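Participant: Here it is, the structure in full.
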Amino acid sequence: MIREPYLNAVLLVLLVAVPLWAHLSGEPYTVTLATRAVVLALAAVGLNVALGLGGMVSLGHAAFFGIGGYAMGILASHAQAYETLMDWPLVIEGTKSMPVIWLVALVASGLAALVIGLLSLRTSGVYFIMITLAFGQMFYFFAISWPAYGGEDGLSIYVRNGFPGLNTLVPIQFYGLCLGVLCLALLLAARIARAPFGLALGAARQVPGRVAAVGLDPTRLKLAAFVLSGALTGLAGALFADLNRFVSPTMLSWQTSGEIMVFIIIGGAGRLFGPVLGAVVFVMLEHLLGGISDYWHVFLGMLLLLVVLFARGGLIGLLCGRGAVHD
């Protein structure tokens, strides 16, 4: 068996080397594909905090993904139209600054996760899954019926937003920015898993009664993890919208929630680089098989079935065995 830290290091090296090779070879489309994989991996890392550490199976994380996307779309659209978002009691203008947009996306999606988590965590099991799904669909249909920002047609942004010191229109520079954000999110997830909070969260997932007996509130632990999970997924949504320079209600659909969960299942739930490997495999299948057949999801379903039946720890679990997660 391969030791998990070594496999993680190999994956990280590939994430740096392959896009760099594509850039030097004059293949910007490959760099864009890698950027898509990295951004989707960031969304899955966010969900993995709730699912892998907290045991919360959420089918509504597309709501946070879409909120982050619309935070970018709304701020950028007002900036490109030279219109204010609000004139009274405060004047709030749009912006094309990525750091400001990221902050808004983190706060907006985190607040939404707080409200949804407060209500959803009153239940557990299949009821929790259905409530998160219901909230996600509420946001989806709200976006469809919001004509001010495109409704079901979505909202286009003509120029990618800016980051100090970088030309984000250059594919390799934007990729490096997204990879840096992903690495920070992975570092945060690893620190959380080893911190007392992460250990308590894992205990709350497995034996909530014993956690309550020592004076900790399992619900509060899960709520904190859910909020952090939603905020990270919202940040991924802002980057995804910037990548495409387009945001639409599709980002909020339950299919998007399902895809993010598939990344984790394929790579390995609770594994630090599981979401990364799952997102990379998904984008590769989408690119290689999507040009052959419109029904390429059949092959994805077959892979998912094989993973569920024969590799319970995902592809990383298959390669590394049942070792400690988040190494």
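Residue numbers start at 1 in each chain; chains themselves are named A, B, ... in the order of the structure tokens; ligands are numbered from 1 in the order shown.
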As an MDAnalysis selection string, please: all residues of segment 43-246 of chain A that backbone DSSP puts in alpha helix (DSSP H).
Facilitator: chainID A and resid 43:48 61:80 98:120 126:144 171:194 196:206 208:213 218:244
Participant: List every residue of segment 157-240 of chain A that has an atom at most 9 Å from any atom of segment 5-22 of chain A, giving for each one its closest atom pair and the distance in Å to one decimal, counting only C-alpha atoms, sorted by chain and then by ascending residue number, as CSV.
Facilitator:
```
residue,atom,partner,partner_atom,distance
A:Ile172,CA,A:Pro19,CA,7.2
A:Tyr175,CA,A:Pro19,CA,8.1
A:Gly176,CA,A:Val16,CA,8.4
A:Leu179,CA,A:Leu15,CA,8.0
A:Cys183,CA,A:Leu12,CA,8.9
```
Participant: With only C-alpha atoms as the counted atoms, please give the residues lying no more than 9 Å from Phe282 of chain A, apart from itself and same-chain residues fewer than 6 positions off, as an NGL selection string.
Facilitator: :A and (37 or 259 or 262-263 or 266 or 300)
Participant: Next, write the just-selected residues to a file, as a JSON list (two decimals), in the first residue's frame, keeping N, CA, C and O atoms as the atom set.
Facilitator:
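What landed in again-v2.json:
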```json
[["chain", "number", "residue", "atom", "x", "y", "z"],
["A", 37, "ALA", "N", -11.00, 21.81, -12.56],
["A", 37, "ALA", "CA", -10.83, 20.72, -11.60],
["A", 37, "ALA", "C", -10.47, 21.25, -10.22],
["A", 37, "ALA", "O", -10.99, 20.78, -9.20],
["A", 259, "GLU", "N", -23.09, 16.22, -7.75],
["A", 259, "GLU", "CA", -21.76, 16.12, -8.35],
["A", 259, "GLU", "C", -20.67, 16.38, -7.33],
["A", 259, "GLU", "O", -19.66, 15.66, -7.28],
["A", 262, "VAL", "N", -20.28, 13.38, -5.31],
["A", 262, "VAL", "CA", -19.65, 12.31, -6.09],
["A", 262, "VAL", "C", -18.13, 12.46, -6.06],
["A", 262, "VAL", "O", -17.40, 11.46, -5.96],
["A", 263, "PHE", "N", -17.64, 13.70, -6.13],
["A", 263, "PHE", "CA", -16.18, 13.91, -6.06],
["A", 263, "PHE", "C", -15.62, 13.28, -4.78],
["A", 263, "PHE", "O", -14.58, 12.62, -4.80],
["A", 266, "ILE", "N", -15.83, 9.32, -4.81],
["A", 266, "ILE", "CA", -14.83, 8.71, -5.69],
["A", 266, "ILE", "C", -13.44, 8.82, -5.07],
["A", 266, "ILE", "O", -12.67, 7.85, -5.04],
["A", 300, "LEU", "N", -19.43, 7.30, -15.71],
["A", 300, "LEU", "CA", -19.22, 7.84, -14.38],
["A", 300, "LEU", "C", -20.00, 7.03, -13.34],
["A", 300, "LEU", "O", -19.49, 6.72, -12.26]]
```
Participant: Return the single residue from A:Leu133, A:Val57, A:Val159, A:Ala203 that is closest to Ile265 of chain A, with distances computed using only C-alpha atoms.
Facilitator: A:Val57
Participant: Suppose you want the space between atom CA of Asn167 of chain A and atom CA of Gly150 of chain A; what is it in Å?
Facilitator: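 Atom CA of Gly150 of chain A lies 27.7 Å from atom CA of Asn167 of chain A.
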Participant: Using only C-alpha atoms, which residue out of A:Ala143, A:Ala225, A:Met251, A:Leu85 lies closest to Gly66 of chain A?
Facilitator: A:Met251
Participant: Excluding Gly258 of chain A and any residue of its chain fewer than 4 positions from it, enumerate the residues within 12 Å of it, using only C-alpha atoms, and give them as a tab-separated table (two decimals) with N, CA, C and O atoms, in the first residue's frame.
Facilitator:
```
chain	number	residue	atom	x	y	z
A	43	ALA	N	-14.69	23.24	-3.84
A	43	ALA	CA	-16.08	23.05	-3.39
A	43	ALA	C	-16.23	21.74	-2.64
A	43	ALA	O	-16.92	21.66	-1.61
A	44	ALA	N	-15.58	20.69	-3.13
A	44	ALA	CA	-15.67	19.38	-2.48
A	44	ALA	C	-14.93	19.35	-1.15
A	44	ALA	O	-15.36	18.67	-0.21
A	47	LEU	N	-17.40	20.70	1.30
A	47	LEU	CA	-18.39	19.70	1.69
A	47	LEU	C	-17.76	18.61	2.54
A	47	LEU	O	-18.41	18.07	3.46
A	57	VAL	N	-24.56	14.44	5.72
A	57	VAL	CA	-24.78	14.21	4.29
A	57	VAL	C	-25.72	15.30	3.78
A	57	VAL	O	-26.93	15.23	3.98
A	58	SER	N	-25.14	16.30	3.12
A	58	SER	CA	-25.91	17.45	2.66
A	58	SER	C	-26.11	17.38	1.15
A	58	SER	O	-25.14	17.28	0.40
A	59	LEU	N	-27.36	17.49	0.72
A	59	LEU	CA	-27.68	17.60	-0.70
A	59	LEU	C	-28.08	19.02	-1.06
A	59	LEU	O	-28.71	19.25	-2.09
A	60	GLY	N	-27.69	19.97	-0.21
A	60	GLY	CA	-28.03	21.36	-0.48
A	60	GLY	C	-26.83	22.27	-0.59
A	60	GLY	O	-26.96	23.49	-0.57
A	61	HIS	N	-25.62	21.69	-0.72
A	61	HIS	CA	-24.43	22.53	-0.76
A	61	HIS	C	-24.34	23.35	-2.05
A	61	HIS	O	-23.55	24.30	-2.11
A	62	ALA	N	-25.09	22.98	-3.06
A	62	ALA	CA	-25.13	23.81	-4.26
A	62	ALA	C	-25.68	25.20	-3.94
A	62	ALA	O	-25.37	26.17	-4.64
A	63	ALA	N	-26.49	25.31	-2.89
A	63	ALA	CA	-26.99	26.63	-2.49
A	63	ALA	C	-25.84	27.56	-2.14
A	63	ALA	O	-25.80	28.72	-2.57
A	129	ILE	N	-30.95	15.08	5.18
A	129	ILE	CA	-30.66	15.11	3.74
A	129	ILE	C	-31.77	15.83	2.99
A	129	ILE	O	-31.51	16.68	2.13
A	133	LEU	N	-31.72	19.43	0.96
A	133	LEU	CA	-32.13	19.42	-0.45
A	133	LEU	C	-33.23	20.44	-0.69
A	133	LEU	O	-33.21	21.17	-1.70
A	136	GLY	N	-31.81	23.93	-0.77
A	136	GLY	CA	-31.09	24.15	-2.02
A	136	GLY	C	-32.03	24.44	-3.17
A	136	GLY	O	-31.78	25.35	-3.98
A	251	MET	N	-26.00	26.52	-11.04
A	251	MET	CA	-25.05	26.37	-9.94
A	251	MET	C	-25.75	26.01	-8.64
A	251	MET	O	-25.11	25.47	-7.72
A	252	LEU	N	-27.03	26.31	-8.53
A	252	LEU	CA	-27.79	26.07	-7.31
A	252	LEU	C	-28.61	24.78	-7.36
A	252	LEU	O	-29.30	24.46	-6.39
A	253	SER	N	-28.55	24.05	-8.44
A	253	SER	CA	-29.43	22.89	-8.61
A	253	SER	C	-28.95	21.70	-7.80
A	253	SER	O	-27.78	21.59	-7.43
A	254	TRP	N	-29.87	20.77	-7.56
A	254	TRP	CA	-29.52	19.58	-6.78
A	254	TRP	C	-28.53	18.70	-7.52
A	254	TRP	O	-27.75	17.96	-6.91
A	262	VAL	N	-20.28	13.38	-5.31
A	262	VAL	CA	-19.65	12.31	-6.09
A	262	VAL	C	-18.13	12.46	-6.06
A	262	VAL	O	-17.40	11.46	-5.96
A	263	PHE	N	-17.64	13.70	-6.13
A	263	PHE	CA	-16.18	13.91	-6.06
A	263	PHE	C	-15.62	13.28	-4.78
A	263	PHE	O	-14.58	12.62	-4.80
A	264	ILE	N	-16.32	13.50	-3.68
A	264	ILE	CA	-15.84	13.01	-2.38
A	264	ILE	C	-15.91	11.49	-2.33
A	264	ILE	O	-14.99	10.83	-1.84
A	265	ILE	N	-17.00	10.92	-2.82
A	265	ILE	CA	-17.16	9.47	-2.77
A	265	ILE	C	-16.09	8.78	-3.63
A	265	ILE	O	-15.50	7.78	-3.21
```
Participant: So which residues touch Ala236 of chain A within 8 Å, counting only C-alpha atoms, skipping near sequence neighbours fewer than 4 positions away, as a tab-separated table (two decimals) with N, CA, C and O atoms, in the first residue's frame?
Facilitator:
```tsv
chain	number	residue	atom	x	y	z
A	39	VAL	N	-11.06	24.27	-8.92
A	39	VAL	CA	-12.17	25.00	-8.31
A	39	VAL	C	-13.24	24.03	-7.79
A	39	VAL	O	-13.77	24.20	-6.68
A	40	LEU	N	-13.57	23.01	-8.58
A	40	LEU	CA	-14.53	22.01	-8.11
A	40	LEU	C	-13.99	21.24	-6.92
A	40	LEU	O	-14.74	20.86	-6.01
A	42	LEU	N	-12.09	22.52	-4.64
A	42	LEU	CA	-12.28	23.42	-3.50
A	42	LEU	C	-13.69	23.30	-2.95
A	42	LEU	O	-13.90	23.26	-1.72
A	43	ALA	N	-14.69	23.24	-3.84
A	43	ALA	CA	-16.08	23.05	-3.39
A	43	ALA	C	-16.23	21.74	-2.64
A	43	ALA	O	-16.92	21.66	-1.61
A	65	PHE	N	-22.67	27.13	-3.06
A	65	PHE	CA	-21.90	27.26	-4.30
A	65	PHE	C	-22.50	28.37	-5.17
A	65	PHE	O	-21.79	29.22	-5.70
A	68	GLY	N	-22.16	31.97	-3.62
A	68	GLY	CA	-20.84	32.53	-3.94
A	68	GLY	C	-20.76	33.01	-5.36
A	68	GLY	O	-20.20	34.07	-5.65
A	232	LEU	N	-16.60	27.77	2.62
A	232	LEU	CA	-15.59	27.32	1.65
A	232	LEU	C	-16.22	26.98	0.30
A	232	LEU	O	-15.67	27.30	-0.75
A	240	PHE	N	-15.60	29.76	-9.46
A	240	PHE	CA	-16.18	29.07	-10.61
A	240	PHE	C	-16.88	30.06	-11.54
A	240	PHE	O	-16.75	29.98	-12.77
```
Participant: Give the answer as one residue: which of A:Asn48, A:Val227, A:Arg160, A:Val207 has the shortest atom-to-atom distance to Ala112 of chain A, using only C-alpha atoms?
Facilitator: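 The closest residue to Ala112 of chain A is A:Val227.
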Participant: Nearest residue to Leu243 of chain A out of A:Phe174, A:Phe135, A:Phe64, A:Tyr127, using only C-alpha atoms?
Facilitator: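 With only C-alpha atoms as the atom set, the closest residue is A:Phe174.
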